Amino acid sequence: MDWRRTGQSNLGLIGMRPARDSASVGNERFNIRAAAADDIKEMSGVLERAGLSSSKPELLEFSLASSGTQMFVGCQDGRVVAVAGSVRFGRTGWLGNVAVDDDLRGQGLGAAMSQTAVDGLHQAGVETVLLTATDLGRPIYERLGFTDEDVSYGIWEQRWAPVLDSDRPALASAPALVRPGQIDAVITQDAEATGEDRRGYLVPFADRTWVPAAPGQAGYWLALPWGGGPVIAADPESARPLITDMIRTSPGSRLAFPELNTRGADLAASLGFHLSRRVRRMRTGPPVPGYRPAVIYNVFSLAAG
C-alpha cells in the first residue's frame, strides 16, 4: 500500500481555521499559515537546523498527506522561519515538530506557533493535547497551560552493533509481515498500549508492519519508509526480534520509549544502545485512559507518541 495514494490532503481541514495573516512577536511581524507542499524544502531546513529528525522531506510529505495532521509555517518576508505541527487521534492529539530559526528564538514565535497548532486541535474536537518537551521547552509549554505528567521518555542511541546473526537461533524465527486483515489486531494492540486510536497512522503502512513469528509472542513493528518505527510488545522476548530486524534494515535507528518500561531499557542496552537524553510527557485536558507505557518499546515519533 502506498500512503501517497491513500492519504487525504489535510489542507481542507486546516482551512477550517483561518490562517493568522500576521502575528506580532517581539518587535517583528510574522505570517502564520497552513503549510503547503511547496513549503517542504524550507520546512525541512528549519527542522534540520533545529536538530529534529522530523526534517526528512518524505516524512513531511506524509504529514501533509495525512487527514489527521496539521502543519503550520511562520513566515517573515516570504521566507519560512518557523514550523509547528499536530496530529489528531480522535479525542486526543499531539503537538510537535516545533522549530524556530536560531536568529529569531527568544521572541515568542515558538509559543505563537504552538498555540496556533493547539487551537487547531481544539477546533477539531480534541480534548487532550499531548507533547514531549525538553527541559528548555517545558517553561514555554507550562505558560500555554500544559502540565507535566511525571513521565520521561528516554532517547537511546546505538553505541555498538550487536552480532545479530548469533541471535537468530534464540529468536526461533524472524518476524513475519502481517497477513491481510491482520492490521486490525495490530490496531487493537496499539490502542491497548497508547490509549489512543491511531489507525490513521497505522493503516497506510499495513504492508510494512511486522509481528513476531514465534508462538506465544505478541506485538508489532511498523517499518517506516524513513527509518525506525513504533514497536509495541507484550514483553522483551516479543520485542527483541522486532527491534533486531529494525537494526538490520534501518541502521542508525534510535529508540525512544517511556522510562517506566524498565525491561525495555535492559533490552536496549543489550542491543548496543545507550541513553543519550530525556524528554518529558506533558498534556492539557484529562489524562488518557488505558495508557500502558510498559509495553511501548519505540514511539512512532516524539511528535506523535
# chains A, B, ... in the order shown; residues from 1 in each chain; ligands from 1
call {"tool": "residues_around", "arguments": {"residues": "segment 257-264 of chain A", "least_positions_apart": "4", "cutoff": "8 Å", "atoms": "only C-alpha atoms", "output": "MDAnalysis selection string"}}
result
chainID A and resid 151:155 236 268 293:299
call {"tool": "residues_around", "arguments": {"residues": "Gly96 of chain A", "least_positions_apart": "2", "cutoff": "6 Å", "atoms": "only C-alpha atoms", "output": "PyMOL selection string"}}
result
chain A and resi 85-86+98+303
call {"tool": "write_last_selection", "arguments": {"atoms": "C-alpha atoms", "output": "compact mmCIF listing (two decimals), in the first residue's frame"}}
result
# COMPACT_ATOMS: atom_id res chain seq x y z
CA GLY A 85 2.60 20.57 13.67
CA SER A 86 -0.06 18.47 15.29
CA VAL A 98 8.01 23.00 16.80
CA ALA A 303 5.80 14.41 17.94
call {"tool": "select_by_dssp", "arguments": {"residues": "segment 9-245 of chain A", "states": "helix (DSSP H, G or I)", "output": "PDB file with N, CA and C atoms, in the first residue's frame"}}
result
ATOM      1  N   LEU A  11      -5.174  19.932   3.846  1.00  0.00           N
ATOM      2  CA  LEU A  11      -5.304  21.376   3.655  1.00  0.00           C
ATOM      3  C   LEU A  11      -6.738  21.846   3.845  1.00  0.00           C
ATOM      4  N   GLY A  12      -7.707  20.996   3.485  1.00  0.00           N
ATOM      5  CA  GLY A  12      -9.094  21.381   3.703  1.00  0.00           C
ATOM      6  C   GLY A  12      -9.415  21.500   5.171  1.00  0.00           C
ATOM      7  N   LEU A  13      -8.894  20.565   5.967  1.00  0.00           N
ATOM      8  CA  LEU A  13      -9.124  20.604   7.407  1.00  0.00           C
ATOM      9  C   LEU A  13      -8.503  21.843   8.017  1.00  0.00           C
ATOM     10  N   ILE A  14      -7.261  22.106   7.653  1.00  0.00           N
ATOM     11  CA  ILE A  14      -6.623  23.300   8.190  1.00  0.00           C
ATOM     12  C   ILE A  14      -7.363  24.545   7.752  1.00  0.00           C
ATOM     13  N   ALA A  37       2.595  21.966   0.146  1.00  0.00           N
ATOM     14  CA  ALA A  37       3.643  21.112  -0.406  1.00  0.00           C
ATOM     15  C   ALA A  37       4.848  21.929  -0.867  1.00  0.00           C
ATOM     16  N   ASP A  38       4.598  23.126  -1.354  1.00  0.00           N
ATOM     17  CA  ASP A  38       5.705  23.966  -1.822  1.00  0.00           C
ATOM     18  C   ASP A  38       6.615  24.417  -0.687  1.00  0.00           C
ATOM     19  N   ASP A  39       6.166  24.259   0.559  1.00  0.00           N
ATOM     20  CA  ASP A  39       6.971  24.691   1.710  1.00  0.00           C
ATOM     21  C   ASP A  39       7.917  23.608   2.214  1.00  0.00           C
ATOM     22  N   ILE A  40       7.803  22.386   1.698  1.00  0.00           N
ATOM     23  CA  ILE A  40       8.522  21.252   2.298  1.00  0.00           C
ATOM     24  C   ILE A  40      10.022  21.500   2.376  1.00  0.00           C
ATOM     25  N   LYS A  41      10.634  22.006   1.318  1.00  0.00           N
ATOM     26  CA  LYS A  41      12.090  22.215   1.324  1.00  0.00           C
ATOM     27  C   LYS A  41      12.497  23.174   2.435  1.00  0.00           C
ATOM     28  N   GLU A  42      11.779  24.302   2.563  1.00  0.00           N
ATOM     29  CA  GLU A  42      12.124  25.272   3.600  1.00  0.00           C
ATOM     30  C   GLU A  42      11.801  24.739   4.988  1.00  0.00           C
ATOM     31  N   MET A  43      10.684  24.020   5.122  1.00  0.00           N
ATOM     32  CA  MET A  43      10.340  23.415   6.414  1.00  0.00           C
ATOM     33  C   MET A  43      11.425  22.436   6.846  1.00  0.00           C
ATOM     34  N   SER A  44      11.884  21.623   5.909  1.00  0.00           N
ATOM     35  CA  SER A  44      12.931  20.656   6.201  1.00  0.00           C
ATOM     36  C   SER A  44      14.180  21.354   6.709  1.00  0.00           C
ATOM     37  N   GLY A  45      14.515  22.483   6.107  1.00  0.00           N
ATOM     38  CA  GLY A  45      15.687  23.235   6.536  1.00  0.00           C
ATOM     39  C   GLY A  45      15.551  23.765   7.946  1.00  0.00           C
ATOM     40  N   VAL A  46      14.386  24.311   8.283  1.00  0.00           N
ATOM     41  CA  VAL A  46      14.159  24.831   9.637  1.00  0.00           C
ATOM     42  C   VAL A  46      14.281  23.716  10.661  1.00  0.00           C
ATOM     43  N   LEU A  47      13.646  22.567  10.382  1.00  0.00           N
ATOM     44  CA  LEU A  47      13.677  21.444  11.316  1.00  0.00           C
ATOM     45  C   LEU A  47      15.080  20.858  11.439  1.00  0.00           C
ATOM     46  N   GLU A  48      15.788  20.780  10.314  1.00  0.00           N
ATOM     47  CA  GLU A  48      17.152  20.241  10.348  1.00  0.00           C
ATOM     48  C   GLU A  48      18.073  21.138  11.154  1.00  0.00           C
ATOM     49  N   ARG A  49      17.958  22.453  10.968  1.00  0.00           N
ATOM     50  CA  ARG A  49      18.802  23.382  11.727  1.00  0.00           C
ATOM     51  C   ARG A  49      18.504  23.319  13.214  1.00  0.00           C
ATOM     52  N   SER A  53      14.823  15.153  13.961  1.00  0.00           N
ATOM     53  CA  SER A  53      14.843  14.079  12.975  1.00  0.00           C
ATOM     54  C   SER A  53      13.647  14.135  12.036  1.00  0.00           C
ATOM     55  N   SER A  54      12.652  14.923  12.368  1.00  0.00           N
ATOM     56  CA  SER A  54      11.459  15.060  11.530  1.00  0.00           C
ATOM     57  C   SER A  54      11.710  15.911  10.295  1.00  0.00           C
ATOM     58  N   SER A  55      12.959  16.260  10.040  1.00  0.00           N
ATOM     59  CA  SER A  55      13.273  17.131   8.907  1.00  0.00           C
ATOM     60  C   SER A  55      13.244  16.405   7.566  1.00  0.00           C
ATOM     61  N   PRO A  57      12.278  15.073   4.166  1.00  0.00           N
ATOM     62  CA  PRO A  57      11.187  15.508   3.281  1.00  0.00           C
ATOM     63  C   PRO A  57      10.079  14.486   3.122  1.00  0.00           C
ATOM     64  N   GLU A  58      10.422  13.174   3.079  1.00  0.00           N
ATOM     65  CA  GLU A  58       9.375  12.168   2.894  1.00  0.00           C
ATOM     66  C   GLU A  58       8.453  12.098   4.104  1.00  0.00           C
ATOM     67  N   LEU A  59       8.970  12.382   5.293  1.00  0.00           N
ATOM     68  CA  LEU A  59       8.119  12.417   6.482  1.00  0.00           C
ATOM     69  C   LEU A  59       7.181  13.625   6.425  1.00  0.00           C
ATOM     70  N   LEU A  60       7.708  14.763   6.000  1.00  0.00           N
ATOM     71  CA  LEU A  60       6.867  15.952   5.866  1.00  0.00           C
ATOM     72  C   LEU A  60       5.805  15.755   4.789  1.00  0.00           C
ATOM     73  N   GLU A  61       6.174  15.053   3.722  1.00  0.00           N
ATOM     74  CA  GLU A  61       5.199  14.756   2.670  1.00  0.00           C
ATOM     75  C   GLU A  61       4.064  13.907   3.226  1.00  0.00           C
ATOM     76  N   PHE A  62       4.413  12.896   4.037  1.00  0.00           N
ATOM     77  CA  PHE A  62       3.386  12.069   4.667  1.00  0.00           C
ATOM     78  C   PHE A  62       2.488  12.919   5.574  1.00  0.00           C
ATOM     79  N   SER A  63       3.087  13.811   6.347  1.00  0.00           N
ATOM     80  CA  SER A  63       2.309  14.646   7.262  1.00  0.00           C
ATOM     81  C   SER A  63       1.317  15.518   6.510  1.00  0.00           C
ATOM     82  N   LEU A  64       1.747  16.085   5.404  1.00  0.00           N
ATOM     83  CA  LEU A  64       0.845  16.928   4.626  1.00  0.00           C
ATOM     84  C   LEU A  64      -0.246  16.115   3.942  1.00  0.00           C
ATOM     85  N   ALA A  65       0.012  14.825   3.697  1.00  0.00           N
ATOM     86  CA  ALA A  65      -0.984  13.980   3.038  1.00  0.00           C
ATOM     87  C   ALA A  65      -1.954  13.347   4.010  1.00  0.00           C
ATOM     88  N   ASP A 102      17.374  29.970  14.551  1.00  0.00           N
ATOM     89  CA  ASP A 102      18.161  30.453  15.690  1.00  0.00           C
ATOM     90  C   ASP A 102      18.066  31.960  15.894  1.00  0.00           C
ATOM     91  N   ASP A 103      18.170  32.730  14.817  1.00  0.00           N
ATOM     92  CA  ASP A 103      18.234  34.184  14.963  1.00  0.00           C
ATOM     93  C   ASP A 103      16.912  34.798  15.397  1.00  0.00           C
ATOM     94  N   LEU A 104      15.842  33.985  15.449  1.00  0.00           N
ATOM     95  CA  LEU A 104      14.530  34.509  15.842  1.00  0.00           C
ATOM     96  C   LEU A 104      14.019  33.880  17.133  1.00  0.00           C
ATOM     97  N   LEU A 109       8.039  33.475  19.147  1.00  0.00           N
ATOM     98  CA  LEU A 109       7.483  32.903  17.921  1.00  0.00           C
ATOM     99  C   LEU A 109       7.138  31.433  18.110  1.00  0.00           C
ATOM    100  N   GLY A 110       7.993  30.684  18.837  1.00  0.00           N
ATOM    101  CA  GLY A 110       7.694  29.278  19.092  1.00  0.00           C
ATOM    102  C   GLY A 110       6.390  29.105  19.845  1.00  0.00           C
ATOM    103  N   ALA A 111       6.147  29.973  20.835  1.00  0.00           N
ATOM    104  CA  ALA A 111       4.894  29.904  21.592  1.00  0.00           C
ATOM    105  C   ALA A 111       3.702  30.221  20.698  1.00  0.00           C
ATOM    106  N   ALA A 112       3.862  31.219  19.817  1.00  0.00           N
ATOM    107  CA  ALA A 112       2.769  31.581  18.907  1.00  0.00           C
ATOM    108  C   ALA A 112       2.466  30.444  17.938  1.00  0.00           C
ATOM    109  N   MET A 113       3.516  29.784  17.436  1.00  0.00           N
ATOM    110  CA  MET A 113       3.314  28.642  16.536  1.00  0.00           C
ATOM    111  C   MET A 113       2.620  27.500  17.275  1.00  0.00           C
ATOM    112  N   SER A 114       3.069  27.232  18.504  1.00  0.00           N
ATOM    113  CA  SER A 114       2.476  26.153  19.300  1.00  0.00           C
ATOM    114  C   SER A 114       1.005  26.421  19.570  1.00  0.00           C
ATOM    115  N   GLN A 115       0.684  27.656  19.937  1.00  0.00           N
ATOM    116  CA  GLN A 115      -0.702  27.991  20.241  1.00  0.00           C
ATOM    117  C   GLN A 115      -1.585  27.843  19.006  1.00  0.00           C
ATOM    118  N   THR A 116      -1.064  28.207  17.844  1.00  0.00           N
ATOM    119  CA  THR A 116      -1.822  28.050  16.609  1.00  0.00           C
ATOM    120  C   THR A 116      -2.162  26.581  16.365  1.00  0.00           C
ATOM    121  N   ALA A 117      -1.170  25.696  16.576  1.00  0.00           N
ATOM    122  CA  ALA A 117      -1.411  24.269  16.367  1.00  0.00           C
ATOM    123  C   ALA A 117      -2.379  23.708  17.402  1.00  0.00           C
ATOM    124  N   VAL A 118      -2.251  24.138  18.664  1.00  0.00           N
ATOM    125  CA  VAL A 118      -3.163  23.682  19.715  1.00  0.00           C
ATOM    126  C   VAL A 118      -4.585  24.150  19.427  1.00  0.00           C
ATOM    127  N   ASP A 119      -4.732  25.392  18.991  1.00  0.00           N
ATOM    128  CA  ASP A 119      -6.063  25.910  18.652  1.00  0.00           C
ATOM    129  C   ASP A 119      -6.706  25.072  17.558  1.00  0.00           C
ATOM    130  N   GLY A 120      -5.895  24.643  16.575  1.00  0.00           N
ATOM    131  CA  GLY A 120      -6.427  23.804  15.505  1.00  0.00           C
ATOM    132  C   GLY A 120      -6.925  22.461  16.021  1.00  0.00           C
ATOM    133  N   LEU A 121      -6.197  21.882  16.986  1.00  0.00           N
ATOM    134  CA  LEU A 121      -6.634  20.618  17.581  1.00  0.00           C
ATOM    135  C   LEU A 121      -7.946  20.781  18.328  1.00  0.00           C
ATOM    136  N   HIS A 122      -8.034  21.840  19.131  1.00  0.00           N
ATOM    137  CA  HIS A 122      -9.265  22.065  19.890  1.00  0.00           C
ATOM    138  C   HIS A 122     -10.447  22.300  18.962  1.00  0.00           C
ATOM    139  N   GLN A 123     -10.218  23.010  17.886  1.00  0.00           N
ATOM    140  CA  GLN A 123     -11.306  23.257  16.940  1.00  0.00           C
ATOM    141  C   GLN A 123     -11.780  21.952  16.305  1.00  0.00           C
ATOM    142  N   ARG A 138      10.007  23.112  28.477  1.00  0.00           N
ATOM    143  CA  ARG A 138       8.952  22.932  29.487  1.00  0.00           C
ATOM    144  C   ARG A 138       8.357  24.243  29.988  1.00  0.00           C
ATOM    145  N   PRO A 139       9.150  25.259  30.328  1.00  0.00           N
ATOM    146  CA  PRO A 139       8.536  26.511  30.807  1.00  0.00           C
ATOM    147  C   PRO A 139       7.615  27.163  29.778  1.00  0.00           C
ATOM    148  N   ILE A 140       7.979  27.032  28.505  1.00  0.00           N
ATOM    149  CA  ILE A 140       7.133  27.612  27.452  1.00  0.00           C
ATOM    150  C   ILE A 140       5.783  26.919  27.435  1.00  0.00           C
ATOM    151  N   TYR A 141       5.797  25.596  27.504  1.00  0.00           N
ATOM    152  CA  TYR A 141       4.542  24.853  27.433  1.00  0.00           C
ATOM    153  C   TYR A 141       3.728  25.012  28.724  1.00  0.00           C
ATOM    154  N   GLU A 142       4.396  25.180  29.836  1.00  0.00           N
ATOM    155  CA  GLU A 142       3.662  25.451  31.080  1.00  0.00           C
ATOM    156  C   GLU A 142       2.885  26.758  30.972  1.00  0.00           C
ATOM    157  N   ARG A 143       3.484  27.751  30.325  1.00  0.00           N
ATOM    158  CA  ARG A 143       2.776  29.030  30.142  1.00  0.00           C
ATOM    159  C   ARG A 143       1.588  28.888  29.201  1.00  0.00           C
ATOM    160  N   LEU A 164      24.254  -9.715  15.237  1.00  0.00           N
ATOM    161  CA  LEU A 164      22.846 -10.085  15.085  1.00  0.00           C
ATOM    162  C   LEU A 164      22.654 -11.515  14.618  1.00  0.00           C
ATOM    163  N   ASP A 165      23.570 -12.038  13.798  1.00  0.00           N
ATOM    164  CA  ASP A 165      23.383 -13.402  13.292  1.00  0.00           C
ATOM    165  C   ASP A 165      23.339 -14.410  14.430  1.00  0.00           C
ATOM    166  N   SER A 166      24.058 -14.140  15.509  1.00  0.00           N
ATOM    167  CA  SER A 166      24.058 -15.072  16.631  1.00  0.00           C
ATOM    168  C   SER A 166      22.734 -15.074  17.375  1.00  0.00           C
ATOM    169  N   ASP A 167      21.915 -14.070  17.120  1.00  0.00           N
ATOM    170  CA  ASP A 167      20.616 -14.005  17.778  1.00  0.00           C
ATOM    171  C   ASP A 167      19.590 -14.917  17.106  1.00  0.00           C
ATOM    172  N   ARG A 168      19.823 -15.279  15.869  1.00  0.00           N
ATOM    173  CA  ARG A 168      18.805 -15.992  15.101  1.00  0.00           C
ATOM    174  C   ARG A 168      18.320 -17.288  15.770  1.00  0.00           C
ATOM    175  N   PRO A 169      19.212 -18.153  16.242  1.00  0.00           N
ATOM    176  CA  PRO A 169      18.709 -19.376  16.869  1.00  0.00           C
ATOM    177  C   PRO A 169      17.842 -19.108  18.091  1.00  0.00           C
ATOM    178  N   ALA A 170      18.210 -18.078  18.865  1.00  0.00           N
ATOM    179  CA  ALA A 170      17.451 -17.779  20.077  1.00  0.00           C
ATOM    180  C   ALA A 170      16.086 -17.198  19.756  1.00  0.00           C
ATOM    181  N   LEU A 171      15.955 -16.622  18.555  1.00  0.00           N
ATOM    182  CA  LEU A 171      14.695 -15.976  18.195  1.00  0.00           C
ATOM    183  C   LEU A 171      13.686 -16.964  17.601  1.00  0.00           C
ATOM    184  N   ILE A 183      -4.078  -6.320  10.253  1.00  0.00           N
ATOM    185  CA  ILE A 183      -3.804  -4.974  10.753  1.00  0.00           C
ATOM    186  C   ILE A 183      -4.801  -4.586  11.835  1.00  0.00           C
ATOM    187  N   ASP A 184      -6.002  -5.165  11.822  1.00  0.00           N
ATOM    188  CA  ASP A 184      -6.988  -4.857  12.866  1.00  0.00           C
ATOM    189  C   ASP A 184      -6.484  -5.297  14.237  1.00  0.00           C
ATOM    190  N   ALA A 185      -5.808  -6.438  14.294  1.00  0.00           N
ATOM    191  CA  ALA A 185      -5.231  -6.903  15.562  1.00  0.00           C
ATOM    192  C   ALA A 185      -4.114  -5.975  16.008  1.00  0.00           C
ATOM    193  N   VAL A 186      -3.345  -5.457  15.047  1.00  0.00           N
ATOM    194  CA  VAL A 186      -2.279  -4.504  15.364  1.00  0.00           C
ATOM    195  C   VAL A 186      -2.868  -3.222  15.928  1.00  0.00           C
ATOM    196  N   ILE A 187      -3.939  -2.734  15.320  1.00  0.00           N
ATOM    197  CA  ILE A 187      -4.599  -1.520  15.810  1.00  0.00           C
ATOM    198  C   ILE A 187      -5.086  -1.717  17.237  1.00  0.00           C
ATOM    199  N   THR A 188      -5.627  -2.896  17.531  1.00  0.00           N
ATOM    200  CA  THR A 188      -6.094  -3.186  18.889  1.00  0.00           C
ATOM    201  C   THR A 188      -4.943  -3.193  19.877  1.00  0.00           C
ATOM    202  N   GLN A 189      -3.829  -3.845  19.525  1.00  0.00           N
ATOM    203  CA  GLN A 189      -2.660  -3.861  20.403  1.00  0.00           C
ATOM    204  C   GLN A 189      -2.140  -2.448  20.644  1.00  0.00           C
ATOM    205  N   ASP A 190      -2.118  -1.657  19.591  1.00  0.00           N
ATOM    206  CA  ASP A 190      -1.622  -0.293  19.713  1.00  0.00           C
ATOM    207  C   ASP A 190      -2.510   0.530  20.644  1.00  0.00           C
ATOM    208  N   ALA A 191      -3.831   0.399  20.496  1.00  0.00           N
ATOM    209  CA  ALA A 191      -4.759   1.147  21.342  1.00  0.00           C
ATOM    210  C   ALA A 191      -4.646   0.714  22.798  1.00  0.00           C
ATOM    211  N   GLU A 192      -4.408  -0.575  23.027  1.00  0.00           N
ATOM    212  CA  GLU A 192      -4.271  -1.070  24.393  1.00  0.00           C
ATOM    213  C   GLU A 192      -2.987  -0.568  25.050  1.00  0.00           C
ATOM    214  N   ALA A 193      -2.002  -0.158  24.242  1.00  0.00           N
ATOM    215  CA  ALA A 193      -0.747   0.365  24.772  1.00  0.00           C
ATOM    216  C   ALA A 193      -0.790   1.876  24.954  1.00  0.00           C
ATOM    217  N   THR A 194      -1.310   2.580  23.963  1.00  0.00           N
ATOM    218  CA  THR A 194      -1.262   4.040  23.976  1.00  0.00           C
ATOM    219  C   THR A 194      -2.522   4.678  24.551  1.00  0.00           C
ATOM    220  N   ARG A 199      -5.297   4.440  14.190  1.00  0.00           N
ATOM    221  CA  ARG A 199      -5.445   3.684  12.945  1.00  0.00           C
ATOM    222  C   ARG A 199      -5.075   4.533  11.727  1.00  0.00           C
ATOM    223  N   GLY A 200      -5.310   5.834  11.799  1.00  0.00           N
ATOM    224  CA  GLY A 200      -4.966   6.698  10.665  1.00  0.00           C
ATOM    225  C   GLY A 200      -3.485   6.747  10.373  1.00  0.00           C
ATOM    226  N   TYR A 201      -2.662   6.432  11.364  1.00  0.00           N
ATOM    227  CA  TYR A 201      -1.217   6.381  11.166  1.00  0.00           C
ATOM    228  C   TYR A 201      -0.709   4.957  10.966  1.00  0.00           C
ATOM    229  N   LEU A 202      -1.557   3.953  11.183  1.00  0.00           N
ATOM    230  CA  LEU A 202      -1.146   2.560  11.045  1.00  0.00           C
ATOM    231  C   LEU A 202      -1.603   1.945   9.723  1.00  0.00           C
ATOM    232  N   VAL A 203      -2.849   2.173   9.344  1.00  0.00           N
ATOM    233  CA  VAL A 203      -3.399   1.552   8.137  1.00  0.00           C
ATOM    234  C   VAL A 203      -2.593   1.902   6.881  1.00  0.00           C
ATOM    235  N   PRO A 204      -2.134   3.153   6.697  1.00  0.00           N
ATOM    236  CA  PRO A 204      -1.364   3.448   5.474  1.00  0.00           C
ATOM    237  C   PRO A 204      -0.095   2.613   5.333  1.00  0.00           C
ATOM    238  N   PHE A 205       0.385   2.031   6.447  1.00  0.00           N
ATOM    239  CA  PHE A 205       1.617   1.245   6.410  1.00  0.00           C
ATOM    240  C   PHE A 205       1.351  -0.228   6.723  1.00  0.00           C
ATOM    241  N   ALA A 206       0.155  -0.712   6.425  1.00  0.00           N
ATOM    242  CA  ALA A 206      -0.200  -2.103   6.727  1.00  0.00           C
ATOM    243  C   ALA A 206       0.750  -3.087   6.066  1.00  0.00           C
ATOM    244  N   ASP A 207       1.251  -2.733   4.873  1.00  0.00           N
ATOM    245  CA  ASP A 207       2.144  -3.651   4.169  1.00  0.00           C
ATOM    246  C   ASP A 207       3.596  -3.497   4.602  1.00  0.00           C
ATOM    247  N   ARG A 208       3.823  -2.710   5.652  1.00  0.00           N
ATOM    248  CA  ARG A 208       5.175  -2.546   6.203  1.00  0.00           C
ATOM    249  C   ARG A 208       5.191  -2.895   7.694  1.00  0.00           C
ATOM    250  N   PRO A 236       9.738  -8.298  26.684  1.00  0.00           N
ATOM    251  CA  PRO A 236      11.014  -8.155  25.966  1.00  0.00           C
ATOM    252  C   PRO A 236      11.266  -9.270  24.955  1.00  0.00           C
ATOM    253  N   GLU A 237      10.807 -10.489  25.252  1.00  0.00           N
ATOM    254  CA  GLU A 237      11.009 -11.598  24.324  1.00  0.00           C
ATOM    255  C   GLU A 237      10.294 -11.338  22.999  1.00  0.00           C
ATOM    256  N   SER A 238       9.130 -10.693  23.061  1.00  0.00           N
ATOM    257  CA  SER A 238       8.403 -10.355  21.837  1.00  0.00           C
ATOM    258  C   SER A 238       9.027  -9.159  21.133  1.00  0.00           C
ATOM    259  N   ALA A 239       9.573  -8.218  21.901  1.00  0.00           N
ATOM    260  CA  ALA A 239      10.142  -7.006  21.331  1.00  0.00           C
ATOM    261  C   ALA A 239      11.495  -7.256  20.670  1.00  0.00           C
ATOM    262  N   ARG A 240      12.252  -8.212  21.208  1.00  0.00           N
ATOM    263  CA  ARG A 240      13.628  -8.407  20.744  1.00  0.00           C
ATOM    264  C   ARG A 240      13.735  -8.683  19.242  1.00  0.00           C
ATOM    265  N   PRO A 241      12.985  -9.649  18.667  1.00  0.00           N
ATOM    266  CA  PRO A 241      13.123  -9.881  17.227  1.00  0.00           C
ATOM    267  C   PRO A 241      12.680  -8.685  16.393  1.00  0.00           C
ATOM    268  N   LEU A 242      11.723  -7.914  16.892  1.00  0.00           N
ATOM    269  CA  LEU A 242      11.245  -6.750  16.155  1.00  0.00           C
ATOM    270  C   LEU A 242      12.315  -5.661  16.112  1.00  0.00           C
ATOM    271  N   ILE A 243      12.922  -5.374  17.250  1.00  0.00           N
ATOM    272  CA  ILE A 243      13.962  -4.349  17.298  1.00  0.00           C
ATOM    273  C   ILE A 243      15.209  -4.821  16.559  1.00  0.00           C
ATOM    274  N   THR A 244      15.507  -6.116  16.664  1.00  0.00           N
ATOM    275  CA  THR A 244      16.661  -6.655  15.955  1.00  0.00           C
ATOM    276  C   THR A 244      16.513  -6.485  14.455  1.00  0.00           C
ATOM    277  N   ASP A 245      15.328  -6.757  13.925  1.00  0.00           N
ATOM    278  CA  ASP A 245      15.115  -6.558  12.499  1.00  0.00           C
ATOM    279  C   ASP A 245      15.142  -5.083  12.127  1.00  0.00           C
TER     280      ASP A 245
END
call {"tool": "select_by_dssp", "arguments": {"residues": "segment 149-278 of chain A", "states": "strand (DSSP E)", "output": "PyMOL selection string"}}
result
chain A and resi 149-158+176-177+209-211+219-222+231-233+255-258+273-278
call {"tool": "closest_residue", "arguments": {"among": "A:Phe146, A:Phe273, A:Trp226, A:Phe30", "to": "Arg159 of chain A", "atoms": "only C-alpha atoms"}}
result
A:Phe273
call {"tool": "atom_distance", "arguments": {"atom1": "atom CA of Leu302 of chain A", "atom2": "atom CA of Gly181 of chain A"}}
result
28.1 Å
call {"tool": "residues_around", "arguments": {"residues": "His274 of chain A", "least_positions_apart": "6", "cutoff": "7 Å", "atoms": "only C-alpha atoms", "output": "ChimeraX atom specification"}}
result
/A:156-159
call {"tool": "atom_distance", "arguments": {"atom1": "atom CA of Glu149 of chain A", "atom2": "atom CA of Ala99 of chain A"}}
result
22.7 Å
call {"tool": "atom_distance", "arguments": {"atom1": "atom CA of Pro212 of chain A", "atom2": "atom CA of Ala176 of chain A"}}
result
6.3 Å
